[in-house]
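One file, coords_1.pdb, is given below (PDB, C-alpha atoms, pLDDT in the B column).
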MODEL        1
ATOM      1  CA  MET A   1     -28.600  83.281  -0.439  1.00 73.00           C
ATOM      2  CA  TYR A   2     -31.868  84.295  -2.037  1.00 85.00           C
ATOM      3  CA  ALA A   3     -32.815  83.476  -5.618  1.00 88.00           C
ATOM      4  CA  THR A   4     -33.599  86.451  -7.767  1.00 95.00           C
ATOM      5  CA  GLU A   5     -36.684  86.516  -9.954  1.00 94.00           C
ATOM      6  CA  LYS A   6     -34.438  86.574 -13.019  1.00 95.00           C
ATOM      7  CA  TYR A   7     -32.594  83.461 -11.844  1.00 94.00           C
ATOM      8  CA  VAL A   8     -35.817  81.602 -11.038  1.00 96.00           C
ATOM      9  CA  ARG A   9     -37.292  82.475 -14.455  1.00 96.00           C
ATOM     10  CA  PHE A  10     -34.122  81.253 -16.151  1.00 97.00           C
ATOM     11  CA  GLU A  11     -34.195  77.977 -14.232  1.00 96.00           C
ATOM     12  CA  VAL A  12     -37.885  77.454 -15.025  1.00 97.00           C
ATOM     13  CA  LYS A  13     -37.211  78.029 -18.728  1.00 98.00           C
ATOM     14  CA  GLU A  14     -34.333  75.553 -18.628  1.00 98.00           C
ATOM     15  CA  LEU A  15     -36.437  72.938 -16.856  1.00 98.00           C
ATOM     16  CA  ASN A  16     -39.272  73.439 -19.348  1.00 98.00           C
ATOM     17  CA  ALA A  17     -36.872  73.018 -22.266  1.00 98.00           C
ATOM     18  CA  GLN A  18     -35.427  69.844 -20.751  1.00 98.00           C
ATOM     19  CA  THR A  19     -38.929  68.502 -20.095  1.00 98.00           C
ATOM     20  CA  ARG A  20     -39.970  69.163 -23.704  1.00 97.00           C
ATOM     21  CA  GLU A  21     -36.821  67.469 -25.002  1.00 97.00           C
ATOM     22  CA  LEU A  22     -37.376  64.416 -22.814  1.00 97.00           C
ATOM     23  CA  ALA A  23     -41.034  64.258 -23.837  1.00 97.00           C
ATOM     24  CA  ASN A  24     -40.048  64.341 -27.507  1.00 96.00           C
ATOM     25  CA  ASP A  25     -37.471  61.601 -26.961  1.00 95.00           C
ATOM     26  CA  LEU A  26     -39.987  59.454 -25.111  1.00 97.00           C
ATOM     27  CA  THR A  27     -42.580  59.998 -27.828  1.00 96.00           C
ATOM     28  CA  GLY A  28     -40.108  58.712 -30.400  1.00 95.00           C
ATOM     29  CA  ASP A  29     -39.259  55.741 -28.201  1.00 97.00           C
ATOM     30  CA  ILE A  30     -42.938  54.923 -27.702  1.00 98.00           C
ATOM     31  CA  ARG A  31     -43.610  55.102 -31.446  1.00 97.00           C
ATOM     32  CA  TYR A  32     -40.637  52.827 -32.126  1.00 97.00           C
ATOM     33  CA  LEU A  33     -41.719  50.298 -29.504  1.00 98.00           C
ATOM     34  CA  SER A  34     -45.293  50.393 -30.763  1.00 98.00           C
ATOM     35  CA  GLN A  35     -44.089  49.620 -34.286  1.00 98.00           C
ATOM     36  CA  GLN A  36     -41.900  46.792 -32.968  1.00 98.00           C
ATOM     37  CA  ILE A  37     -44.864  45.303 -31.106  1.00 98.00           C
ATOM     38  CA  HIS A  38     -47.000  45.578 -34.237  1.00 98.00           C
ATOM     39  CA  ASP A  39     -44.325  43.886 -36.360  1.00 98.00           C
ATOM     40  CA  LEU A  40     -43.875  41.093 -33.814  1.00 98.00           C
ATOM     41  CA  SER A  41     -47.613  40.584 -33.653  1.00 98.00           C
ATOM     42  CA  GLU A  42     -47.757  40.184 -37.431  1.00 98.00           C
ATOM     43  CA  ARG A  43     -44.834  37.729 -37.374  1.00 98.00           C
ATOM     44  CA  LEU A  44     -46.496  35.740 -34.601  1.00 98.00           C
ATOM     45  CA  GLN A  45     -49.729  35.552 -36.581  1.00 98.00           C
ATOM     46  CA  LEU A  46     -47.802  34.312 -39.615  1.00 98.00           C
ATOM     47  CA  LEU A  47     -46.036  31.673 -37.527  1.00 98.00           C
ATOM     48  CA  GLU A  48     -49.340  30.534 -36.049  1.00 98.00           C
ATOM     49  CA  ASN A  49     -50.822  30.215 -39.541  1.00 98.00           C
ATOM     50  CA  ASN A  50     -47.789  28.295 -40.785  1.00 98.00           C
ATOM     51  CA  LEU A  51     -47.896  25.966 -37.787  1.00 98.00           C
ATOM     52  CA  GLU A  52     -51.586  25.327 -38.313  1.00 97.00           C
ATOM     53  CA  GLU A  53     -50.920  24.437 -41.967  1.00 97.00           C
ATOM     54  CA  ILE A  54     -48.122  22.052 -40.974  1.00 97.00           C
ATOM     55  CA  VAL A  55     -50.299  20.373 -38.336  1.00 96.00           C
ATOM     56  CA  ASN A  56     -53.090  19.933 -40.889  1.00 96.00           C
ATOM     57  CA  GLU A  57     -50.663  18.481 -43.452  1.00 95.00           C
ATOM     58  CA  VAL A  58     -49.292  16.000 -40.926  1.00 96.00           C
ATOM     59  CA  ARG A  59     -52.817  15.005 -39.913  1.00 94.00           C
ATOM     60  CA  ASN A  60     -53.770  14.497 -43.558  1.00 94.00           C
ATOM     61  CA  GLN A  61     -50.667  12.385 -44.183  1.00 93.00           C
ATOM     62  CA  ASN A  62     -51.434  10.244 -41.145  1.00 90.00           C
ATOM     63  CA  GLY A  63     -55.085   9.900 -42.093  1.00 82.00           C
ATOM     64  CA  VAL A  64     -56.353  11.583 -38.941  1.00 70.00           C
TER
ENDMDL
END

I need this file expressed as structure tokens, please.
Amino acid sequence: MYATEKYVRFEVKELNAQTRELANDLTGDIRYLSQQIHDLSERLQLLENNLEEIVNEVRNQNGV
């Protein structure tokens, strides 16, 4: 069985549409993950700052 030009064009259009849809989905996923990483980075920085303050307070209380 041979593929007609019309059939091949239809299949190419379908594949292009699916590729665009997947690309859009992945773009959204990447943006979401990027925001999550950013948020976690900010939380980590806050925790590091808090820990540093606690360590300094303990040192001051112990006279170190």

How big is the axis-aligned box, and where does its centre sit, when it encloses all atoms of region 20-34 of chain A listed in the file and has 4 Å added on every side, reported in Å to one decimal as AutoDock Vina command-line options?
--center_x -41.1 --center_y 59.7 --center_z -27.5 --size_x 16.5 --size_y 26.9 --size_z 17.3

Practice item. Figure out the distance between CA of Asn62 (chain A) and CA of Leu46 (chain A), please, to one decimal in Å. Key: 24.4 Å

Review point. CA of Glu21 (chain A) to CA of Lys6 (chain A): how many Å, to one decimal?
Key: 22.7 Å

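For the pair CA of Ser34 (chain A) and CA of Glu53 (chain A), the separation is 28.8 Å.
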